[in-house]
file query_18.cif (mmCIF, C-alpha atoms)
data_protein
#
loop_
_atom_site.label_atom_id
_atom_site.label_comp_id
_atom_site.auth_asym_id
_atom_site.auth_seq_id
_atom_site.Cartn_x
_atom_site.Cartn_y
_atom_site.Cartn_z
CA MET S 253 -41.28 5.69 -54.81
CA LEU S 254 -41.64 7.10 -51.34
CA LYS S 255 -38.83 6.32 -48.92
CA GLN S 256 -38.56 6.94 -45.21
CA GLN S 257 -35.84 9.46 -44.36
CA LYS S 258 -33.22 8.10 -41.94
CA HIS S 259 -32.32 10.01 -38.79
CA TRP S 260 -29.50 9.58 -36.30
CA TYR S 261 -31.90 8.03 -33.79
CA ASP S 262 -32.79 5.25 -36.24
CA TYR S 263 -29.40 3.73 -35.41
CA LEU S 264 -29.90 3.53 -31.65
CA TRP S 265 -30.33 -0.24 -32.00
CA ILE S 266 -26.51 -0.29 -32.17
CA ALA S 267 -26.35 1.22 -28.66
CA SER S 268 -28.78 -1.42 -27.41
CA ALA S 269 -26.75 -4.27 -28.93
CA VAL S 270 -23.48 -2.81 -27.60
CA TYR S 271 -25.00 -2.45 -24.13
CA LEU S 272 -26.03 -6.11 -24.01
CA THR S 273 -22.59 -7.17 -25.22
CA LEU S 274 -20.65 -4.97 -22.80
CA GLY S 275 -22.41 -6.66 -19.86
CA PHE S 276 -20.65 -9.89 -20.77
CA PHE S 277 -17.23 -8.22 -20.55
CA ASN S 278 -17.77 -6.08 -17.49
CA ILE S 279 -20.97 -6.15 -15.48
CA LEU S 280 -20.43 -2.57 -14.30
CA PHE S 281 -21.51 -1.33 -17.74
CA ALA S 282 -25.00 -2.36 -16.61
CA TRP S 283 -25.25 1.03 -14.90
CA LEU S 284 -25.56 2.62 -18.35
CA GLY S 285 -28.97 0.93 -18.63
CA LEU S 286 -30.36 3.50 -16.23
CA ILE S 287 -30.46 5.86 -19.24
CA CYS S 288 -33.20 3.64 -20.70
CA PHE S 289 -35.12 3.88 -17.43
CA ILE S 290 -34.79 7.55 -16.64
CA THR S 291 -35.01 9.13 -20.13
CA PRO S 292 -38.52 7.84 -21.06
CA LEU S 293 -39.86 8.80 -17.63
CA LEU S 294 -38.36 12.29 -17.84
CA ILE S 295 -39.73 12.82 -21.35
CA ALA S 296 -43.20 11.66 -20.28
CA ILE S 297 -43.22 13.77 -17.09
CA VAL S 298 -41.69 16.94 -18.56
CA LYS S 299 -42.87 16.91 -22.18
CA GLY S 300 -45.94 14.69 -21.79
CA ASN S 301 -45.26 12.43 -24.76
CA LYS S 302 -43.85 9.03 -25.66
CA SER S 303 -41.15 10.17 -28.06
CA TYR S 304 -38.71 7.78 -26.38
CA CYS S 305 -40.81 4.76 -27.43
CA ASN S 306 -41.74 6.33 -30.75
CA ARG S 307 -38.23 7.37 -31.82
CA PHE S 308 -35.36 6.59 -29.49
CA CYS S 309 -35.97 3.08 -28.16
CA GLY S 310 -32.97 1.06 -29.33
CA ARG S 311 -34.45 -2.18 -28.12
CA GLY S 312 -37.60 -1.77 -30.21
CA GLN S 313 -35.43 -0.97 -33.23
CA LEU S 314 -33.34 -4.07 -32.56
CA PHE S 315 -36.46 -6.27 -32.53
CA GLU S 316 -37.63 -4.59 -35.72
CA LEU S 317 -34.30 -5.28 -37.38
CA LEU S 318 -34.19 -8.92 -36.28
CA GLY S 319 -37.85 -9.52 -37.06
CA TYR S 320 -38.29 -7.73 -40.36
CA ARG S 321 -34.84 -7.36 -41.95
CA LEU S 322 -33.45 -10.71 -40.84
CA GLY S 323 -36.86 -12.37 -41.06
CA LEU S 324 -36.66 -14.03 -37.66
CA SER S 325 -40.25 -13.21 -36.72
CA ARG S 326 -43.34 -15.25 -37.55
CA ARG S 327 -45.18 -11.92 -37.85
CA LYS S 328 -48.33 -13.40 -36.34
CA ALA S 329 -50.80 -11.44 -34.26
CA PRO S 330 -50.05 -11.71 -30.52
CA PRO S 331 -52.74 -13.21 -28.27
CA LYS S 332 -55.45 -10.77 -27.22
CA PHE S 333 -54.64 -10.95 -23.52
CA LEU S 334 -51.15 -9.53 -24.17
CA CYS S 335 -52.70 -6.22 -25.28
CA SER S 336 -55.28 -6.03 -22.48
CA SER S 337 -54.98 -3.37 -19.79
CA TRP S 338 -55.09 -5.88 -16.95
CA PHE S 339 -52.14 -7.80 -18.37
CA ARG S 340 -50.13 -4.67 -19.21
CA TYR S 341 -50.63 -3.07 -15.79
CA GLY S 342 -50.31 -6.44 -14.05
CA PHE S 343 -46.98 -7.05 -15.77
CA LEU S 344 -45.87 -3.51 -14.87
CA ALA S 345 -46.73 -4.17 -11.20
CA PHE S 346 -44.90 -7.50 -11.25
CA PHE S 347 -41.87 -6.01 -13.00
CA MET S 348 -41.67 -3.11 -10.55
CA THR S 349 -42.02 -5.49 -7.58
CA MET S 350 -39.06 -7.51 -8.86
CA PHE S 351 -37.17 -4.27 -9.48
CA PHE S 352 -37.67 -3.22 -5.84
CA VAL S 353 -36.64 -6.71 -4.65
CA MET S 354 -33.42 -6.14 -6.60
CA LEU S 355 -32.98 -2.71 -4.98
CA TYR S 356 -33.54 -4.31 -1.56
CA ALA S 357 -30.77 -6.85 -2.29
CA THR S 358 -28.51 -3.91 -3.20
CA CYS S 359 -29.35 -2.22 0.12
CA LEU S 360 -28.51 -5.41 2.02
CA VAL S 361 -25.07 -5.48 0.41
CA PHE S 362 -24.68 -1.78 1.23
CA VAL S 363 -25.17 -2.55 4.92
CA GLY S 364 -22.75 -5.48 4.92
CA ALA S 365 -24.23 -8.58 3.23
CA THR S 366 -22.04 -10.60 0.86
CA LEU S 367 -21.94 -9.69 -2.82
CA ASN S 368 -23.77 -12.23 -4.97
CA GLU S 369 -21.93 -12.45 -8.29
CA ALA S 370 -24.82 -13.80 -10.35
CA VAL S 371 -27.27 -12.46 -12.90
CA THR S 372 -30.87 -13.57 -12.38
CA LEU S 373 -32.58 -14.40 -15.64
CA LEU S 374 -36.39 -14.54 -15.84
CA TRP S 375 -36.53 -13.95 -12.06
CA VAL S 376 -35.63 -17.59 -11.37
CA PHE S 377 -32.42 -18.72 -13.05
CA LYS S 378 -29.19 -17.61 -11.37
CA LEU S 379 -26.42 -17.40 -13.92
CA PRO S 380 -22.89 -17.32 -12.42
CA TRP S 381 -21.22 -14.10 -13.60
CA ASN S 382 -17.96 -14.04 -11.68
CA TRP S 383 -15.36 -13.67 -14.43
CA VAL S 384 -14.83 -9.95 -13.94
CA ASP S 385 -13.03 -8.28 -11.06
CA THR S 386 -15.41 -5.78 -9.47
CA SER S 387 -13.32 -5.20 -6.34
CA PHE S 388 -12.35 -1.67 -7.43
CA VAL S 389 -15.90 -0.42 -6.76
CA ALA S 390 -18.04 -0.60 -3.62
CA PRO S 391 -19.79 -4.02 -3.33
CA TRP S 392 -23.27 -2.41 -3.45
CA MET S 393 -22.40 -0.78 -6.79
CA ALA S 394 -21.46 -4.18 -8.20
CA GLN S 395 -24.59 -5.78 -6.69
CA PHE S 396 -26.80 -3.18 -8.36
CA ALA S 397 -25.03 -3.83 -11.67
CA PHE S 398 -25.69 -7.59 -11.39
CA GLY S 399 -29.33 -6.99 -10.47
CA PHE S 400 -29.96 -4.35 -13.10
CA TYR S 401 -28.30 -6.34 -15.86
CA GLY S 402 -30.60 -9.22 -14.87
CA VAL S 403 -33.61 -6.93 -15.33
CA MET S 404 -32.35 -5.78 -18.75
CA LEU S 405 -31.45 -9.30 -19.87
CA THR S 406 -34.80 -10.70 -18.72
CA SER S 407 -36.75 -8.06 -20.62
CA THR S 408 -34.59 -8.64 -23.71
CA VAL S 409 -35.16 -12.40 -23.58
CA LEU S 410 -38.93 -11.92 -23.19
CA GLY S 411 -38.90 -9.40 -26.03
CA MET S 412 -36.91 -11.77 -28.23
CA LEU S 413 -39.33 -14.62 -27.54
CA THR S 414 -42.38 -12.54 -28.44
CA MET S 415 -40.47 -11.14 -31.43
CA LEU S 416 -39.90 -14.68 -32.72
CA LEU S 417 -43.43 -15.91 -32.00
CA PHE S 418 -45.51 -12.87 -32.87
CA LYS S 419 -44.88 -9.48 -34.50
CA PRO S 420 -41.35 -8.06 -34.16
CA ARG S 421 -42.27 -5.29 -31.74
CA SER S 422 -44.73 -7.31 -29.63
CA TRP S 423 -42.59 -6.42 -26.60
CA CYS S 424 -43.74 -2.79 -27.00
CA VAL S 425 -47.29 -3.87 -26.16
CA TYR S 426 -46.43 -5.01 -22.64
CA CYS S 427 -43.13 -3.17 -22.07
CA PRO S 428 -43.34 -1.82 -18.49
CA MET S 429 -41.69 1.45 -19.48
CA GLY S 430 -44.15 1.91 -22.34
CA THR S 431 -47.11 1.18 -20.08
CA MET S 432 -45.78 3.52 -17.42
CA THR S 433 -45.06 6.40 -19.81
CA GLN S 434 -48.46 6.02 -21.51
CA GLY S 435 -50.08 6.09 -18.05
CA ILE S 436 -48.14 9.25 -17.16
CA CYS S 437 -49.21 10.92 -20.43
CA GLN S 438 -52.84 9.91 -19.84
CA ILE S 439 -52.75 11.42 -16.35
CA LYS S 440 -50.98 14.54 -17.61
CA HIS S 441 -53.51 15.07 -20.41
CA ARG S 442 -56.51 13.57 -18.62
CA LYS S 443 -58.77 16.49 -19.48
CA GLU S 444 -58.42 15.76 -23.17
CA ASN S 445 -58.35 11.98 -23.00
CA PRO S 446 -61.36 10.59 -24.87
CA ASN S 447 -61.06 7.34 -22.87
CA GLU S 448 -62.56 9.18 -19.96
CA THR S 449 -65.15 11.00 -21.99
CA PRO S 450 -68.35 9.05 -22.43
CA ASN S 451 -70.30 8.94 -25.69
CA LYS S 452 -67.21 9.21 -27.84
CA GLY S 453 -66.74 6.67 -30.58
CA ASN S 454 -64.45 3.70 -30.72
CA CYS S 455 -61.99 4.85 -33.36
CA ARG S 456 -59.61 7.76 -33.73
CA THR S 457 -59.10 10.23 -36.49
CA ALA S 458 -56.98 13.38 -36.66
CA GLU S 459 -60.14 15.42 -36.29
CA GLY S 460 -60.23 14.00 -32.78
CA SER S 461 -63.79 12.85 -33.02
CA CYS S 462 -65.81 9.96 -34.30
CA GLN S 463 -68.99 11.40 -35.64
CA MET W 114 -52.22 0.81 -53.97
CA ARG W 115 -53.76 4.20 -53.23
CA SER W 116 -57.39 3.79 -52.42
CA LYS W 117 -59.50 6.81 -51.79
CA LYS W 118 -62.28 4.62 -50.49
CA LYS W 119 -60.35 2.97 -47.65
CA SER W 120 -58.88 4.38 -44.48
CA ALA W 121 -57.25 3.09 -41.31
CA SER W 122 -58.98 3.39 -37.98
CA ILE W 123 -57.49 2.85 -34.55
CA SER W 124 -59.35 1.39 -31.61
CA LYS W 125 -58.99 2.69 -28.07
CA GLU W 126 -56.71 -0.17 -26.95
CA CYS W 127 -53.79 1.57 -28.74
CA VAL W 128 -50.55 1.38 -26.72
CA ALA W 129 -48.99 4.43 -28.46
CA CYS W 130 -45.82 2.54 -29.40
CA GLY W 131 -45.47 4.47 -32.66
CA CYS W 132 -44.80 1.48 -34.95
CA CYS W 133 -47.57 2.64 -37.28
CA VAL W 134 -46.11 6.15 -37.51
CA LYS W 135 -42.80 4.73 -38.73
CA SER W 136 -44.47 2.47 -41.26
CA CYS W 137 -46.58 5.19 -42.90
CA LEU W 138 -44.73 6.77 -45.81
CA LEU W 139 -47.50 9.32 -46.29
CA GLY W 140 -47.19 10.69 -42.76
CA ALA W 141 -50.86 10.00 -42.11
CA LEU W 142 -50.30 8.77 -38.56
CA SER W 143 -49.10 10.45 -35.42
CA VAL W 144 -49.05 9.62 -31.72
CA TYR W 145 -51.19 12.13 -29.90
CA ARG W 146 -49.49 13.30 -26.70
CA GLY W 147 -48.22 9.84 -25.83
CA MET W 148 -51.74 8.49 -25.41
CA TYR W 149 -52.80 6.90 -28.70
CA ALA W 150 -52.21 7.04 -32.45
CA LEU W 151 -54.30 9.24 -34.70
CA VAL W 152 -55.06 8.84 -38.41
CA ASP W 153 -55.26 11.82 -40.71
CA GLU W 154 -58.00 10.64 -43.06
CA HIS W 155 -57.04 13.21 -45.68
CA LYS W 156 -53.57 11.68 -46.00
CA CYS W 157 -54.40 8.00 -45.41
CA ALA W 158 -54.38 5.90 -48.57
CA GLY W 159 -55.78 2.84 -46.87
CA CYS W 160 -52.79 0.67 -47.85
CA GLY W 161 -52.84 -1.23 -44.55
CA LYS W 162 -49.10 -1.12 -43.82
CA CYS W 163 -49.81 0.30 -40.36
CA ALA W 164 -52.23 -2.54 -39.60
CA ASP W 165 -49.56 -5.06 -40.63
CA VAL W 166 -46.92 -3.72 -38.27
CA CYS W 167 -49.18 -2.84 -35.31
CA PRO W 168 -48.17 -5.26 -32.55
CA ALA W 169 -51.32 -4.55 -30.55
CA GLN W 170 -53.62 -5.36 -33.48
CA VAL W 171 -55.68 -2.22 -32.92
CA ILE W 172 -55.65 -0.90 -36.51
CA SER W 173 -58.19 -1.92 -39.06
CA VAL W 174 -58.54 -0.75 -42.64
CA ALA W 175 -62.07 -0.44 -43.86
CA ALA W 176 -64.19 1.47 -46.30
CA ARG W 177 -64.15 5.15 -45.40
CA GLU W 178 -67.83 5.22 -44.46
CA ALA W 179 -67.43 2.10 -42.31
CA ALA W 180 -64.27 3.47 -40.69
CA GLN W 181 -66.26 6.40 -39.37
CA CYS W 182 -67.72 5.41 -36.04
#

call {"tool": "encode", "arguments": {"input": "query_18.cif", "output": "structure tokens"}}
result
Amino acid sequence: MLKQQKHWYDYLWIASAVYLTLGFFNILFAWLGLICFITPLLIAIVKGNKSYCNRFCGRGQLFELLGYRLGLSRRKAPPKFLCSSWFRYGFLAFFMTMFFVMLYATCLVFVGATLNEAVTLLWVFKLPWNWVDTSFVAPWMAQFAFGFYGVMLTSTVLGMLTMLLFKPRSWCVYCPMGTMTQGICQIKHRKENPNETPNKGNCRTAEGSCQ
Amino acid sequence: MRSKKKSASISKECVACGCCVKSCLLGALSVYRGMYALVDEHKCAGCGKCADVCPAQVISVAAREAAQC
């Protein structure tokens, strides 16, 4: 019987779970999440592929584990709109807007505003997060950690919800990083992108054509 | 399980997440330059595992003639 060979990167779900846990003990660990932001972008820009999503995304692996191995997912097809371009790019725009709002709040603290020791979940709910002493770093560094952990927690909660309701990796369909890196790859390889070439078929084979 | 008559086909709404690549034990799928997944028809057995895991519901398994657009 054929079996998939395991690689070191198949265990990156552990890093994702550890990251989410560490945030509860010390919010400053949230800075580590930048790796998940910068790495996929760098790979897409420099190498022109989505190997981060395809191999190294610990969050996707975590959803897979919870959904398939632990059987927490209903494994139903997600609604059509979730996979549409307008929703994916709309969600990316919304997510980036909220990300820049968070960066603006960090800048305000940098210029003298008071540190807000709360993590914002789903862009609305402010969860008090003041059980860790962050006075040994500059207030703006702590503010960024609170804001960034909020972004990571929000996306995890959304991913968990769609994992439970639909297929385990439904988050991957509308993940802003996935949308962004696919967009970068499409721009980078635009000359060979059949989406922009008229009179090509609707399906894809390794031969690269649909006769 | 192996069916020479069936093959997977991927529509252009593919999000290139790579779930199908992981699910295929025959190595019949790959993500082409981060843009979309591709099926190698010579390797594909038409088992439908990729269609089951695809979160974007863009994979269909059909008779080889029908899968050709």

call {"tool": "closest_atom_pairs", "arguments": {"input": "query_18.cif", "of": "chain W", "to": "chain S", "cutoff": "10 Å", "atoms": "only C-alpha atoms", "output": "JSON lines"}}
result
{"residue": "W:Ser120", "atom": "CA", "partner": "S:Thr457", "partner_atom": "CA", "distance": 9.9}
{"residue": "W:Ala121", "atom": "CA", "partner": "S:Thr457", "partner_atom": "CA", "distance": 8.8}
{"residue": "W:Ser122", "atom": "CA", "partner": "S:Cys455", "partner_atom": "CA", "distance": 5.7}
{"residue": "W:Ile123", "atom": "CA", "partner": "S:Cys455", "partner_atom": "CA", "distance": 5.1}
{"residue": "W:Ser124", "atom": "CA", "partner": "S:Cys455", "partner_atom": "CA", "distance": 4.7}
{"residue": "W:Lys125", "atom": "CA", "partner": "S:Asn454", "partner_atom": "CA", "distance": 6.2}
{"residue": "W:Glu126", "atom": "CA", "partner": "S:Cys335", "partner_atom": "CA", "distance": 7.4}
{"residue": "W:Cys127", "atom": "CA", "partner": "S:Cys335", "partner_atom": "CA", "distance": 8.6}
{"residue": "W:Val128", "atom": "CA", "partner": "S:Val425", "partner_atom": "CA", "distance": 6.2}
{"residue": "W:Ala129", "atom": "CA", "partner": "S:Gln434", "partner_atom": "CA", "distance": 7.1}
{"residue": "W:Cys130", "atom": "CA", "partner": "S:Asn306", "partner_atom": "CA", "distance": 5.7}
{"residue": "W:Gly131", "atom": "CA", "partner": "S:Asn306", "partner_atom": "CA", "distance": 4.6}
{"residue": "W:Cys132", "atom": "CA", "partner": "S:Asn306", "partner_atom": "CA", "distance": 7.1}
{"residue": "W:Cys133", "atom": "CA", "partner": "S:Asn306", "partner_atom": "CA", "distance": 9.5}
{"residue": "W:Val134", "atom": "CA", "partner": "S:Asn306", "partner_atom": "CA", "distance": 8.1}
{"residue": "W:Lys135", "atom": "CA", "partner": "S:Gln256", "partner_atom": "CA", "distance": 8.1}
{"residue": "W:Ser136", "atom": "CA", "partner": "S:Gln256", "partner_atom": "CA", "distance": 8.4}
{"residue": "W:Cys137", "atom": "CA", "partner": "S:Gln256", "partner_atom": "CA", "distance": 8.5}
{"residue": "W:Leu138", "atom": "CA", "partner": "S:Gln256", "partner_atom": "CA", "distance": 6.2}
{"residue": "W:Leu139", "atom": "CA", "partner": "S:Leu254", "partner_atom": "CA", "distance": 8.0}
{"residue": "W:Gly140", "atom": "CA", "partner": "S:Gln256", "partner_atom": "CA", "distance": 9.7}
{"residue": "W:Ala141", "atom": "CA", "partner": "S:Ala458", "partner_atom": "CA", "distance": 8.9}
{"residue": "W:Leu142", "atom": "CA", "partner": "S:Ala458", "partner_atom": "CA", "distance": 8.3}
{"residue": "W:Ser143", "atom": "CA", "partner": "S:Ala458", "partner_atom": "CA", "distance": 8.5}
{"residue": "W:Val144", "atom": "CA", "partner": "S:Lys302", "partner_atom": "CA", "distance": 8.0}
{"residue": "W:Tyr145", "atom": "CA", "partner": "S:Asn301", "partner_atom": "CA", "distance": 7.9}
{"residue": "W:Arg146", "atom": "CA", "partner": "S:Asn301", "partner_atom": "CA", "distance": 4.7}
{"residue": "W:Gly147", "atom": "CA", "partner": "S:Asn301", "partner_atom": "CA", "distance": 4.1}
{"residue": "W:Met148", "atom": "CA", "partner": "S:Gln434", "partner_atom": "CA", "distance": 5.7}
{"residue": "W:Tyr149", "atom": "CA", "partner": "S:Gln434", "partner_atom": "CA", "distance": 8.4}
{"residue": "W:Ala150", "atom": "CA", "partner": "S:Arg456", "partner_atom": "CA", "distance": 7.5}
{"residue": "W:Leu151", "atom": "CA", "partner": "S:Thr457", "partner_atom": "CA", "distance": 5.2}
{"residue": "W:Val152", "atom": "CA", "partner": "S:Thr457", "partner_atom": "CA", "distance": 4.7}
{"residue": "W:Asp153", "atom": "CA", "partner": "S:Ala458", "partner_atom": "CA", "distance": 4.7}
{"residue": "W:Glu154", "atom": "CA", "partner": "S:Thr457", "partner_atom": "CA", "distance": 6.7}
{"residue": "W:His155", "atom": "CA", "partner": "S:Ala458", "partner_atom": "CA", "distance": 9.0}
{"residue": "W:Asp165", "atom": "CA", "partner": "S:Arg327", "partner_atom": "CA", "distance": 8.6}
{"residue": "W:Val166", "atom": "CA", "partner": "S:Lys419", "partner_atom": "CA", "distance": 7.2}
{"residue": "W:Cys167", "atom": "CA", "partner": "S:Lys419", "partner_atom": "CA", "distance": 8.0}
{"residue": "W:Pro168", "atom": "CA", "partner": "S:Ser422", "partner_atom": "CA", "distance": 5.0}
{"residue": "W:Ala169", "atom": "CA", "partner": "S:Cys335", "partner_atom": "CA", "distance": 5.7}
{"residue": "W:Gln170", "atom": "CA", "partner": "S:Ala329", "partner_atom": "CA", "distance": 6.7}
{"residue": "W:Val171", "atom": "CA", "partner": "S:Cys335", "partner_atom": "CA", "distance": 9.1}
{"residue": "W:Ile172", "atom": "CA", "partner": "S:Cys455", "partner_atom": "CA", "distance": 9.1}
{"residue": "W:Ser173", "atom": "CA", "partner": "S:Cys455", "partner_atom": "CA", "distance": 9.6}
{"residue": "W:Ala180", "atom": "CA", "partner": "S:Cys455", "partner_atom": "CA", "distance": 7.8}
{"residue": "W:Gln181", "atom": "CA", "partner": "S:Cys462", "partner_atom": "CA", "distance": 6.2}
{"residue": "W:Cys182", "atom": "CA", "partner": "S:Cys462", "partner_atom": "CA", "distance": 5.2}

call {"tool": "resolve_selection", "arguments": {"input": "query_18.cif", "expression": "the PyMOL selection byres ((chain S and resi 392-409) around 8)", "output": "VMD selection string"}}
result
chain S and resid 272 275 279 to 283 285 311 351 354 to 355 357 to 359 361 to 362 367 to 375 386 389 to 391 410 to 413

call {"tool": "atom_distance", "arguments": {"input": "query_18.cif", "atom1": "atom CA of Phe308 of chain S", "atom2": "atom CA of Tyr261 of chain S"}}
result
5.7 Å

call {"tool": "closest_residue", "arguments": {"input": "query_18.cif", "among": "S:Thr414, S:Asn382, S:Thr349, S:Thr366", "to": "Pro428 of chain S", "atoms": "only C-alpha atoms"}}
result
S:Thr349

call {"tool": "atom_distance", "arguments": {"input": "query_18.cif", "atom1": "atom CA of Leu318 of chain S", "atom2": "atom CA of Gly161 of chain W"}}
result
21.8 Å

call {"tool": "atom_distance", "arguments": {"input": "query_18.cif", "atom1": "atom CA of Phe333 of chain S", "atom2": "atom CA of Phe346 of chain S"}}
result
16.0 Å

call {"tool": "closest_residue", "arguments": {"input": "query_18.cif", "among": "S:Thr273, S:Met429, S:Tyr341, S:Met348", "to": "Thr291 of chain S", "atoms": "all atoms listed in the file"}}
result
S:Met429

call {"tool": "axis_aligned_box", "arguments": {"input": "query_18.cif", "around": "segment 152-157 of chain W", "padding_each_side": "4 Å", "output": "JSON"}}
result
{"center_x": -55.8, "center_y": 10.6, "center_z": -42.2, "size_x": 12.4, "size_y": 13.2, "size_z": 15.6}

call {"tool": "residues_around", "arguments": {"input": "query_18.cif", "residues": "Lys119 of chain W", "least_positions_apart": "4", "cutoff": "7 Å", "atoms": "all atoms listed in the file", "output": "PyMOL selection string"}}
result
chain W and resi 158-159+174-177
